[in-house]
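File shown: start.cif (mmCIF, C-alpha atoms).
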data_entry
loop_
_atom_site.label_atom_id
_atom_site.label_comp_id
_atom_site.auth_asym_id
_atom_site.auth_seq_id
_atom_site.Cartn_x
_atom_site.Cartn_y
_atom_site.Cartn_z
CA MET H 1 79.13 9.72 163.97
CA GLU H 2 79.35 12.67 161.71
CA LEU H 3 76.62 15.29 162.05
CA ARG H 4 75.57 15.22 158.40
CA ILE H 5 74.89 11.51 158.34
CA GLN H 6 73.15 11.73 161.71
CA ILE H 7 70.79 14.38 160.40
CA LEU H 8 70.16 12.30 157.29
CA ALA H 9 69.37 9.26 159.44
CA ILE H 10 67.06 11.21 161.74
CA VAL H 11 65.23 12.79 158.82
CA GLY H 12 64.93 9.46 157.03
CA SER H 13 63.59 7.47 159.97
CA SER H 14 61.26 10.32 161.03
CA ALA H 15 59.83 10.35 157.51
CA LEU H 16 59.30 6.60 157.70
CA LEU H 17 57.64 6.89 161.10
CA PHE H 18 55.39 9.69 159.88
CA LEU H 19 54.46 7.79 156.73
CA VAL H 20 53.55 4.65 158.70
CA LEU H 21 51.42 6.61 161.19
CA GLU H 22 49.70 8.49 158.38
CA LEU H 23 48.90 5.29 156.50
CA VAL H 24 47.43 3.70 159.62
CA ARG H 25 45.40 6.86 160.25
CA ARG H 26 43.96 6.64 156.74
CA LYS H 27 43.23 2.96 157.36
CA ALA H 28 45.34 2.13 154.32
CA PHE H 29 46.81 -0.82 156.17
CA LEU H 30 45.82 -2.91 159.12
CA GLU H 31 47.40 -2.29 162.50
CA ARG H 32 48.53 -5.90 162.49
CA TYR H 33 50.86 -5.22 159.56
CA ALA H 34 51.75 -1.72 160.72
CA LEU H 35 53.17 -2.78 164.09
CA LEU H 36 56.35 -4.27 162.65
CA TRP H 37 56.89 -1.19 160.48
CA LEU H 38 56.27 1.05 163.49
CA LEU H 39 58.77 -0.87 165.58
CA SER H 40 61.48 -0.62 162.90
CA ALA H 41 60.90 3.11 162.38
CA VAL H 42 61.04 3.82 166.12
CA VAL H 43 64.20 1.77 166.64
CA MET H 44 65.91 3.43 163.66
CA LEU H 45 64.95 6.87 164.91
CA GLY H 46 66.17 6.05 168.42
CA LEU H 47 69.51 4.80 167.15
CA SER H 48 69.99 7.90 164.99
CA ILE H 49 69.25 10.29 167.86
CA TRP H 50 71.18 8.55 170.63
CA LYS H 51 74.34 7.86 168.71
CA GLY H 52 76.06 6.56 171.84
CA VAL H 53 73.94 3.40 171.70
CA LEU H 54 74.74 2.94 168.02
CA GLU H 55 78.47 3.35 168.69
CA THR H 56 78.27 0.77 171.50
CA ILE H 57 76.56 -1.69 169.16
CA ALA H 58 79.06 -1.01 166.36
CA HIS H 59 81.95 -1.52 168.74
CA ALA H 60 80.47 -4.70 170.19
CA VAL H 61 80.11 -6.41 166.81
CA GLY H 62 83.31 -4.95 165.36
CA ILE H 63 82.00 -2.40 162.89
CA ALA H 64 84.53 0.40 162.45
CA TYR H 65 82.15 3.02 161.07
CA PRO H 66 79.02 3.32 163.32
CA PRO H 67 76.52 4.39 160.58
CA ASN H 68 77.15 0.98 159.00
CA ALA H 69 75.64 -0.56 162.14
CA LEU H 70 72.51 1.43 161.36
CA PHE H 71 72.48 -0.18 157.91
CA LEU H 72 72.85 -3.58 159.51
CA VAL H 73 69.90 -2.98 161.85
CA ALA H 74 67.79 -1.63 158.97
CA PHE H 75 68.69 -4.65 156.84
CA GLY H 76 67.65 -6.98 159.66
CA PHE H 77 64.27 -5.26 159.85
CA VAL H 78 63.83 -5.51 156.08
CA LEU H 79 64.50 -9.25 156.20
CA ILE H 80 62.01 -9.76 159.03
CA LEU H 81 59.38 -7.68 157.22
CA LEU H 82 59.86 -9.66 153.99
CA LEU H 83 59.49 -12.91 155.88
CA HIS H 84 56.39 -11.54 157.54
CA PHE H 85 54.87 -10.71 154.15
CA SER H 86 55.77 -14.07 152.65
CA LEU H 87 53.93 -15.69 155.53
CA ALA H 88 50.95 -13.40 155.02
CA VAL H 89 50.87 -14.11 151.27
CA SER H 90 51.10 -17.86 151.85
CA ARG H 91 48.25 -17.75 154.31
CA LEU H 92 46.12 -15.62 152.01
CA SER H 93 46.65 -17.82 148.96
CA ASP H 94 45.82 -20.89 151.02
CA GLN H 95 42.66 -19.21 152.28
CA SER H 96 41.65 -18.10 148.79
CA LYS H 97 42.18 -21.66 147.55
CA VAL H 98 39.81 -23.00 150.20
CA LEU H 99 37.30 -20.27 149.39
CA ALA H 100 37.40 -21.06 145.67
CA GLN H 101 36.86 -24.74 146.40
CA ARG H 102 33.99 -24.07 148.79
CA LEU H 103 32.41 -21.68 146.29
CA ALA H 104 32.63 -24.28 143.52
CA LEU H 105 31.12 -26.99 145.71
CA VAL H 106 28.32 -24.76 146.98
CA GLU H 107 27.54 -23.63 143.43
CA GLN H 108 27.29 -27.22 142.31
CA ARG H 109 25.00 -28.07 145.22
CA LEU H 110 22.84 -25.01 144.54
CA GLY H 111 22.41 -25.97 140.89
CA ASP H 112 21.51 -29.48 141.95
CA THR H 113 18.93 -28.28 144.47
CA GLU H 114 17.39 -25.84 141.99
CA ALA H 115 17.01 -28.56 139.37
CA GLN H 116 15.38 -30.82 141.95
CA LEU H 117 13.06 -28.03 143.06
CA SER H 118 11.85 -27.23 139.56
CA ARG H 119 11.31 -30.94 138.93
CA SER H 120 9.10 -31.34 141.99
CA ARG H 121 7.30 -28.08 141.16
CA ARG H 122 6.42 -29.46 137.77
CA ARG H 123 5.22 -32.66 139.40
CA ILE H 124 3.01 -30.74 141.84
CA GLN H 125 1.58 -28.75 138.95
CA THR H 126 0.70 -31.88 137.02
CA THR H 127 -0.90 -33.45 140.10
CA ASP H 128 -2.94 -30.29 140.64
CA GLU H 129 -4.12 -30.39 137.05
CA LEU H 130 -5.07 -34.04 137.31
CA GLU H 131 -7.03 -33.38 140.51
CA ALA H 132 -8.86 -30.49 138.83
CA VAL H 133 -9.82 -32.75 135.92
CA ASP H 134 -11.12 -35.36 138.39
CA GLU H 135 -13.12 -32.73 140.21
CA LEU H 136 -14.69 -31.46 137.00
CA GLU H 137 -15.59 -34.96 135.94
CA SER H 138 -17.26 -35.82 139.27
CA LEU H 139 -19.09 -32.47 139.09
CA ALA H 140 -20.34 -33.32 135.62
CA GLU H 141 -21.49 -36.73 136.90
CA THR H 142 -23.52 -35.24 139.78
CA ARG H 143 -25.18 -32.82 137.35
CA GLU H 144 -26.36 -35.66 135.22
CA MET I 1 22.00 -38.05 144.63
CA ASN I 2 18.86 -39.74 145.83
CA SER I 3 20.12 -43.26 145.39
CA TYR I 4 23.17 -44.28 147.37
CA ARG I 5 26.27 -44.64 145.26
CA ALA I 6 29.54 -45.92 146.68
CA ASN I 7 32.06 -44.96 144.00
CA LEU I 8 33.15 -41.66 142.56
CA ALA I 9 35.42 -40.98 139.60
CA VAL I 10 37.05 -37.55 139.77
CA VAL I 11 38.29 -36.01 136.54
CA PRO I 12 40.32 -32.84 137.11
CA ALA I 13 40.18 -30.80 133.89
CA TYR I 14 41.78 -27.55 132.79
CA ASN I 15 41.00 -26.56 129.20
CA GLU I 16 40.31 -30.13 128.12
CA GLN I 17 37.22 -29.64 125.94
CA GLU I 18 38.71 -31.81 123.19
CA SER I 19 39.13 -34.92 125.28
CA VAL I 20 36.98 -34.68 128.41
CA ALA I 21 33.78 -35.95 126.75
CA ARG I 22 35.54 -39.07 125.51
CA VAL I 23 36.88 -39.77 128.99
CA ILE I 24 33.40 -39.39 130.51
CA ASP I 25 31.82 -41.66 127.87
CA SER I 26 34.52 -44.21 128.47
CA LEU I 27 33.91 -44.03 132.23
CA HIS I 28 30.19 -44.57 131.75
CA GLU I 29 30.93 -47.54 129.53
CA HIS I 30 33.72 -49.25 131.46
CA ALA I 31 32.98 -48.19 135.03
CA PRO I 32 29.18 -47.88 135.21
CA ASP I 33 29.17 -48.20 139.01
CA PHE I 34 31.11 -44.92 139.34
CA ASP I 35 29.51 -41.49 139.48
CA VAL I 36 31.52 -39.03 137.40
CA LEU I 37 32.62 -35.68 138.82
CA VAL I 38 34.54 -33.28 136.60
CA VAL I 39 36.44 -30.59 138.47
CA ASP I 40 36.76 -27.74 136.00
CA ASP I 41 39.75 -25.84 137.30
CA GLY I 42 38.81 -22.43 135.97
CA SER I 43 39.01 -23.39 132.28
CA THR I 44 38.76 -20.65 129.69
CA ASP I 45 37.26 -22.98 127.10
CA ASN I 46 34.02 -24.96 127.05
CA THR I 47 35.15 -27.76 129.36
CA ARG I 48 32.24 -27.28 131.75
CA ASP I 49 29.47 -27.37 129.13
CA VAL I 50 31.06 -30.27 127.27
CA ALA I 51 31.38 -32.25 130.51
CA ARG I 52 27.82 -31.47 131.56
CA ALA I 53 26.46 -32.46 128.15
CA ALA I 54 28.33 -35.75 128.48
CA GLY I 55 26.45 -36.43 131.70
CA ALA I 56 28.99 -35.62 134.40
CA THR I 57 28.46 -33.60 137.55
CA VAL I 58 30.64 -30.50 137.28
CA VAL I 59 32.29 -28.48 140.02
CA ARG I 60 33.82 -25.33 138.61
CA HIS I 61 36.52 -23.25 140.31
CA PRO I 62 36.20 -19.48 139.83
CA PHE I 63 39.90 -19.35 138.89
CA ASN I 64 42.72 -21.78 138.23
CA LEU I 65 44.03 -23.45 141.39
CA GLY I 66 46.37 -25.98 139.84
CA ILE I 67 46.10 -29.75 139.76
CA GLY I 68 46.46 -30.17 143.53
CA GLY I 69 43.57 -27.83 144.30
CA ALA I 70 41.40 -29.47 141.64
CA VAL I 71 41.91 -32.98 142.95
CA GLN I 72 41.38 -31.78 146.51
CA SER I 73 37.96 -30.41 145.53
CA GLY I 74 37.22 -33.94 144.36
CA PHE I 75 38.24 -35.32 147.75
CA VAL I 76 36.05 -32.81 149.59
CA TYR I 77 33.10 -33.62 147.32
CA ALA I 78 33.61 -37.36 147.88
CA LEU I 79 33.86 -36.86 151.64
CA GLU I 80 30.78 -34.65 151.92
CA ASN I 81 28.64 -36.85 149.70
CA GLY I 82 29.57 -39.99 151.56
CA TYR I 83 31.41 -41.92 148.87
CA ASP I 84 33.33 -44.99 150.01
CA ARG I 85 35.84 -45.02 147.17
CA MET I 86 37.21 -42.44 144.81
CA VAL I 87 39.29 -42.90 141.70
CA GLN I 88 41.21 -40.13 140.00
CA VAL I 89 41.22 -40.18 136.20
CA ASP I 90 43.02 -37.60 134.07
CA ALA I 91 40.93 -35.67 131.54
CA ASP I 92 43.53 -35.94 128.78
CA GLY I 93 42.72 -39.58 128.09
CA GLN I 94 45.97 -41.13 129.26
CA HIS I 95 44.24 -43.18 131.95
CA CYS I 96 42.00 -45.95 130.62
CA PRO I 97 38.72 -46.38 132.51
CA ASP I 98 38.73 -50.09 131.63
CA GLN I 99 41.70 -50.42 133.98
CA ILE I 100 39.77 -49.14 137.01
CA SER I 101 38.54 -52.65 137.75
CA LYS I 102 42.16 -53.68 138.38
CA LEU I 103 42.49 -51.01 141.06
CA LYS I 104 39.14 -52.01 142.56
CA ASP I 105 40.05 -55.68 142.62
CA ALA I 106 43.28 -54.92 144.45
CA MET I 107 41.40 -52.94 147.09
CA ALA I 108 38.70 -55.58 147.42
CA GLU I 109 41.36 -58.26 147.85
CA ASP I 110 43.11 -56.51 150.72
CA ARG I 111 40.62 -54.48 152.70
CA ARG I 112 43.34 -52.77 154.71
CA LEU I 113 44.61 -50.87 151.66
CA ASP I 114 43.85 -47.14 151.71
CA MET I 115 45.30 -46.25 148.33
CA VAL I 116 45.88 -48.28 145.18
CA CYS I 117 48.04 -46.69 142.48
CA GLY I 118 48.09 -47.66 138.83
CA SER I 119 51.69 -48.08 137.71
CA ARG I 120 53.05 -47.96 134.18
CA PHE I 121 56.32 -49.61 135.07
CA LEU I 122 55.46 -52.80 136.93
CA THR I 123 55.51 -55.07 133.91
CA LYS I 124 57.56 -55.12 130.74
CA GLU I 125 54.60 -55.63 128.43
CA HIS I 126 52.90 -52.34 129.29
CA GLY I 127 55.55 -50.32 127.50
CA TYR I 128 54.68 -46.68 128.13
CA PRO I 129 56.05 -44.37 125.49
CA SER I 130 57.54 -41.36 127.22
CA PRO I 131 60.68 -39.31 126.71
CA ILE I 132 63.73 -40.78 128.39
CA SER I 133 64.37 -37.56 130.36
CA ARG I 134 61.02 -37.71 132.08
CA ARG I 135 61.35 -41.40 132.70
CA THR I 136 64.72 -40.86 134.34
CA GLY I 137 63.20 -38.27 136.64
CA ILE I 138 60.37 -40.60 137.57
CA HIS I 139 62.83 -43.40 138.33
CA ILE I 140 64.90 -41.15 140.58
CA PHE I 141 61.79 -40.29 142.57
CA ALA I 142 60.75 -43.93 142.56
CA PHE I 143 64.11 -44.98 143.97
CA MET I 144 64.12 -42.34 146.73
CA LEU I 145 60.49 -42.84 147.71
CA SER I 146 60.92 -46.60 147.85
CA ARG I 147 63.79 -46.15 150.31
CA ILE I 148 61.86 -43.68 152.45
CA VAL I 149 58.52 -45.45 152.66
CA GLY I 150 60.04 -48.90 152.85
CA GLN I 151 58.08 -50.48 150.03
CA ARG I 152 58.49 -50.50 146.29
CA VAL I 153 56.99 -47.46 144.57
CA SER I 154 57.61 -47.84 140.85
CA ASP I 155 55.47 -45.01 139.45
CA PRO I 156 55.22 -42.19 142.01
CA THR I 157 53.99 -39.58 139.49
CA SER I 158 50.99 -41.61 138.36
CA GLY I 159 47.74 -39.83 139.15
CA PHE I 160 45.66 -42.92 138.35
CA ARG I 161 44.75 -43.87 141.92
CA LEU I 162 41.92 -45.37 143.91
CA TYR I 163 41.34 -44.14 147.47
CA ASN I 164 39.18 -45.46 150.28
CA ARG I 165 37.36 -43.40 152.88
CA ARG I 166 40.36 -42.95 155.16
CA ALA I 167 42.54 -41.66 152.35
CA ILE I 168 39.71 -39.42 151.10
CA GLY I 169 39.41 -37.93 154.59
CA LEU I 170 43.15 -37.33 154.84
CA PHE I 171 43.48 -35.64 151.44
CA ALA I 172 40.26 -33.62 151.73
CA GLY I 173 41.89 -31.84 154.66
CA ASP I 174 45.38 -31.49 153.22
CA TYR I 175 46.57 -32.18 149.69
CA PRO I 176 49.85 -30.93 148.20
CA HIS I 177 49.74 -27.99 145.79
CA ASP I 178 51.60 -28.02 142.50
CA TYR I 179 52.77 -31.54 141.73
CA PRO I 180 50.90 -33.53 144.30
CA GLU I 181 51.37 -37.20 143.42
CA VAL I 182 54.85 -37.76 144.83
CA GLU I 183 54.12 -35.87 148.02
CA ALA I 184 50.82 -37.71 148.42
CA VAL I 185 52.75 -40.99 148.62
CA LEU I 186 54.84 -39.46 151.41
CA MET I 187 51.70 -38.28 153.21
CA VAL I 188 50.21 -41.75 153.03
CA HIS I 189 53.40 -43.05 154.61
CA HIS I 190 53.52 -40.34 157.25
CA HIS I 191 49.94 -40.89 158.31
CA ARG I 192 50.52 -44.63 158.45
CA LEU I 193 48.04 -45.50 155.77
CA ARG I 194 48.66 -48.43 153.45
CA MET I 195 49.17 -48.33 149.74
CA THR I 196 50.08 -50.66 146.92
CA GLU I 197 50.59 -50.53 143.18
CA VAL I 198 49.04 -52.56 140.41
CA PRO I 199 50.22 -52.68 136.79
CA VAL I 200 47.97 -50.76 134.40
CA ARG I 201 48.04 -49.79 130.77
CA MET I 202 48.21 -46.08 130.01
CA LEU I 203 48.03 -44.22 126.74
CA GLN I 204 49.83 -41.21 125.39
CA ARG I 205 47.83 -38.13 126.24
CA ASP I 206 45.63 -37.12 123.32
CA GLY I 207 44.76 -33.55 124.19
CA GLY I 208 45.88 -30.71 126.42
CA VAL I 209 49.31 -30.38 127.93
CA SER I 210 50.88 -32.29 130.77
CA SER I 211 51.12 -30.60 134.13
CA ILE I 212 54.81 -31.46 133.81
CA ARG I 213 56.02 -29.43 130.84
CA SER I 214 59.57 -30.07 129.72
CA GLY I 215 60.69 -26.54 130.47
CA LYS I 216 59.42 -26.80 133.98
CA SER I 217 60.71 -30.28 134.66
CA VAL I 218 63.86 -29.02 136.39
CA TYR I 219 61.78 -26.82 138.66
CA TYR I 220 59.51 -29.81 139.24
CA MET I 221 62.42 -32.05 140.23
CA ILE I 222 63.85 -29.49 142.65
CA LYS I 223 60.48 -28.68 144.16
CA VAL I 224 59.56 -32.28 144.79
CA LEU I 225 63.02 -33.16 146.13
CA PHE I 226 62.68 -30.21 148.51
CA ALA I 227 59.25 -31.45 149.56
CA ILE I 228 60.64 -34.93 150.16
CA PHE I 229 63.45 -33.65 152.39
CA ILE I 230 61.12 -31.34 154.31
CA GLY I 231 58.77 -34.27 154.69
CA LEU I 232 61.53 -36.27 156.33
CA GLY I 233 61.67 -33.68 159.11
CA ARG I 234 57.97 -33.94 159.95
CA SER I 235 56.92 -36.09 162.81
CA ARG I 236 54.61 -38.96 162.03
CA PRO I 237 51.31 -38.98 163.89
CA VAL I 238 50.82 -41.91 166.20
CA PRO I 239 48.27 -44.37 164.83
CA GLU I 240 44.90 -44.34 166.52
CA PRO I 241 44.50 -46.99 169.19
CA GLY I 242 42.96 -50.19 167.93
CA GLU I 243 44.48 -49.87 164.52
CA ASP I 244 47.54 -51.88 163.72
CA ALA I 245 50.38 -49.88 162.26
CA PRO I 246 50.94 -50.43 158.56
CA VAL I 247 54.00 -52.19 157.22
CA ALA I 248 55.84 -48.95 156.54
CA ALA I 249 55.70 -47.93 160.18
CA ALA I 250 58.10 -50.73 161.07
CA HIS I 251 60.87 -48.91 159.23
CA GLY I 252 60.52 -45.68 161.15
CA LEU I 253 62.61 -42.68 160.36
#
Structure re-expressed in structure tokens:
Amino acid sequence: MELRIQILAIVGSSALLFLVLELVRRKAFLERYALLWLLSAVVMLGLSIWKGVLETIAHAVGIAYPPNALFLVAFGFVLILLLHFSLAVSRLSDQSKVLAQRLALVEQRLGDTEAQLSRSRRRIQTTDELEAVDELESLAETRE
Amino acid sequence: MNSYRANLAVVPAYNEQESVARVIDSLHEHAPDFDVLVVDDGSTDNTRDVARAAGATVVRHPFNLGIGGAVQSGFVYALENGYDRMVQVDADGQHCPDQISKLKDAMAEDRRLDMVCGSRFLTKEHGYPSPISRRTGIHIFAFMLSRIVGQRVSDPTSGFRLYNRRAIGLFAGDYPHDYPEVEAVLMVHHHRLRMTEVPVRMLQRDGGVSSIRSGKSVYYMIKVLFAIFIGLGRSRPVPEPGEDAPVAAAHGL
């Protein structure tokens, strides 16, 4: 592997590794999602530094120009990451659907309960008033 | 909800303020033994207030979930409030509440039925006016589904359906997303529930837009076909002991 492309690869994957670590440090993304990124950055960096491994891989799968093997590995990681995100998005949208449904049902039940509560409050009030009237009347009777 | 009611009519509605009140009135008139629940699927118009004013219970989603999510809310509501039967009626007025008794009669006649679907195509006299392209699509699904589930399904896209408690429980936990009716038939088959169809009269929709717009119909076809083929690869749960397997189970896959 030519020196120029090796330097480019090392710089590129180091930058990726640094960026991922920095983002995790700032808590910009969860460790759960960072792990796959971390793994791909470390593997890419390793392959760019130890070019012997890369050449062995390239030879084994029949790639004439070793840096292309690096592309192949990177492409594989990109595919896996995309799949990973599609899964995450599917799960999230399913969860948000359930949340929206639960919220709607709870809201309906709350409205129902509140209406019932105010109805029984009114009833209690009227009963209280009736009792007060009764009391006054019996008081008036005893006075007479 | 103080008095015990056995039947629930679920009306999923998305921006249907023009027609939802008429549907609710019609339900009160023709199906007085059904409580009416309108699932307002995040409408941007006055659907909720119109439905409430017409005397329906309203469950309102904070944002639009699509027809599958709306109907599923109806299933969850029916399950949690202990309803024995639930009928789904579209808010656009194409399902006639006076036909609900036909579905109910079919379920009362054969107590083992878990789902009764209203079909537009079972008799010649109930001519349903719909564009030939859509009808062709429906017939393709009907043909494939009939082969797969081993019984005739003439109108697999009809949402006019009556469910019993078992079906309500199944769909409250898992109901398909975008275009649920066809897949729901498959689910009924996979979970070894029983279904049948009865002929009903339906009208042209008189407000709102169909969930199957013409531009999207190709996407709809492909999506449902994909769902059918994926469904074929799922294993069917073994029926619970004590219950006899429904007719469809004899065909296996």
Which polymer residues have any atom within 9 Å of an atom of Phe160 in chain I, counting only C-alpha atoms, with same-chain residues fewer than 2 positions away left out, as a PyMOL selection string? chain I and resi 87-90+95+100+116-119+158+162
Decode the PyMOL selection byres ((chain H) within 7 of (chain I)) for the given file into explicit residues and return them as number ranges by chain. H: 97, 100-101, 104-105, 108
Check what the PyMOL selection byres ((chain I and resi 199) around 10) selects in the file above and give those residues as a ChimeraX atom specification. /I:99,102-103,117-126,154-155,197-198,200-202
Exactly which residues make up the result of the PyMOL selection byres ((chain H and resi 74-84) around 9) on this file, given as an NGL selection string? :H and (33 or 36-37 or 40 or 44 or 69-73 or 85-89)
Please identify all polymer residues within 8 Å of Ile10 in chain H, counting only C-alpha atoms, omitting same-chain residues fewer than 3 positions from it, and present them as an MDAnalysis selection string. chainID H and resid 6:7 13:14 45 48:49
What's the separation between CA of Ala6 in chain I and CA of Asp84 in chain I, in Å to one decimal place?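 Here the two named atoms are 5.1 Å from each other.
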Shell of 8 Å around Leu203 in chain I, all atoms listed in the file, local chain residues under 3 positions omitted, as a PyMOL selection string: chain I and resi 93-96+128
Would you work out the distance separating CA of Ile138 in chain I from CA of Leu186 in chain I, expressed in Å to one decimal?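 If I compute the distance from CA of Ile138 in chain I to CA of Leu186 in chain I, I get 14.9 Å.
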Answer as a PDB file with C-alpha atoms, keeping the file's coordinate frame, residues within 12 Å of (32.8, -40.0, 126.1) using all atoms listed in the file:
ATOM      1  CA  GLN I  17      37.220 -29.640 125.940  1.00  0.00           C
ATOM      2  CA  GLU I  18      38.710 -31.810 123.190  1.00  0.00           C
ATOM      3  CA  SER I  19      39.130 -34.920 125.280  1.00  0.00           C
ATOM      4  CA  VAL I  20      36.980 -34.680 128.410  1.00  0.00           C
ATOM      5  CA  ALA I  21      33.780 -35.950 126.750  1.00  0.00           C
ATOM      6  CA  ARG I  22      35.540 -39.070 125.510  1.00  0.00           C
ATOM      7  CA  VAL I  23      36.880 -39.770 128.990  1.00  0.00           C
ATOM      8  CA  ILE I  24      33.400 -39.390 130.510  1.00  0.00           C
ATOM      9  CA  ASP I  25      31.820 -41.660 127.870  1.00  0.00           C
ATOM     10  CA  SER I  26      34.520 -44.210 128.470  1.00  0.00           C
ATOM     11  CA  LEU I  27      33.910 -44.030 132.230  1.00  0.00           C
ATOM     12  CA  HIS I  28      30.190 -44.570 131.750  1.00  0.00           C
ATOM     13  CA  GLU I  29      30.930 -47.540 129.530  1.00  0.00           C
ATOM     14  CA  HIS I  30      33.720 -49.250 131.460  1.00  0.00           C
ATOM     15  CA  VAL I  36      31.520 -39.030 137.400  1.00  0.00           C
ATOM     16  CA  VAL I  50      31.060 -30.270 127.270  1.00  0.00           C
ATOM     17  CA  ALA I  51      31.380 -32.250 130.510  1.00  0.00           C
ATOM     18  CA  ARG I  52      27.820 -31.470 131.560  1.00  0.00           C
ATOM     19  CA  ALA I  53      26.460 -32.460 128.150  1.00  0.00           C
ATOM     20  CA  ALA I  54      28.330 -35.750 128.480  1.00  0.00           C
ATOM     21  CA  GLY I  55      26.450 -36.430 131.700  1.00  0.00           C
ATOM     22  CA  ALA I  56      28.990 -35.620 134.400  1.00  0.00           C
ATOM     23  CA  ALA I  91      40.930 -35.670 131.540  1.00  0.00           C
ATOM     24  CA  ASP I  92      43.530 -35.940 128.780  1.00  0.00           C
ATOM     25  CA  GLY I  93      42.720 -39.580 128.090  1.00  0.00           C
ATOM     26  CA  CYS I  96      42.000 -45.950 130.620  1.00  0.00           C
ATOM     27  CA  PRO I  97      38.720 -46.380 132.510  1.00  0.00           C
TER      28      PRO I  97
END
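The gap separating CA of Ile67 in chain I from CA of Tyr14 in chain I is 8.5 Å, in Å to one decimal.
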All residues 9 Å or closer to Ile228 in chain I, all atoms listed in the file, same chain fewer than 4 positions away omitted, as a list in words: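 The residues that qualify are Met144, Leu145, Val182, Glu183, Leu186, Lys223, Val224 and Leu232 of chain I.
Within the 7 Å cut-off around range 179-181 of chain I, using all atoms listed in the file and omitting residues fewer than 2 positions from it on the same chain, the listed residues are I:Gly68, I:Pro156, I:Thr157, I:Ser158, I:Gly159, I:Pro176, I:His177, I:Glu183, I:Ala184, I:Val185.
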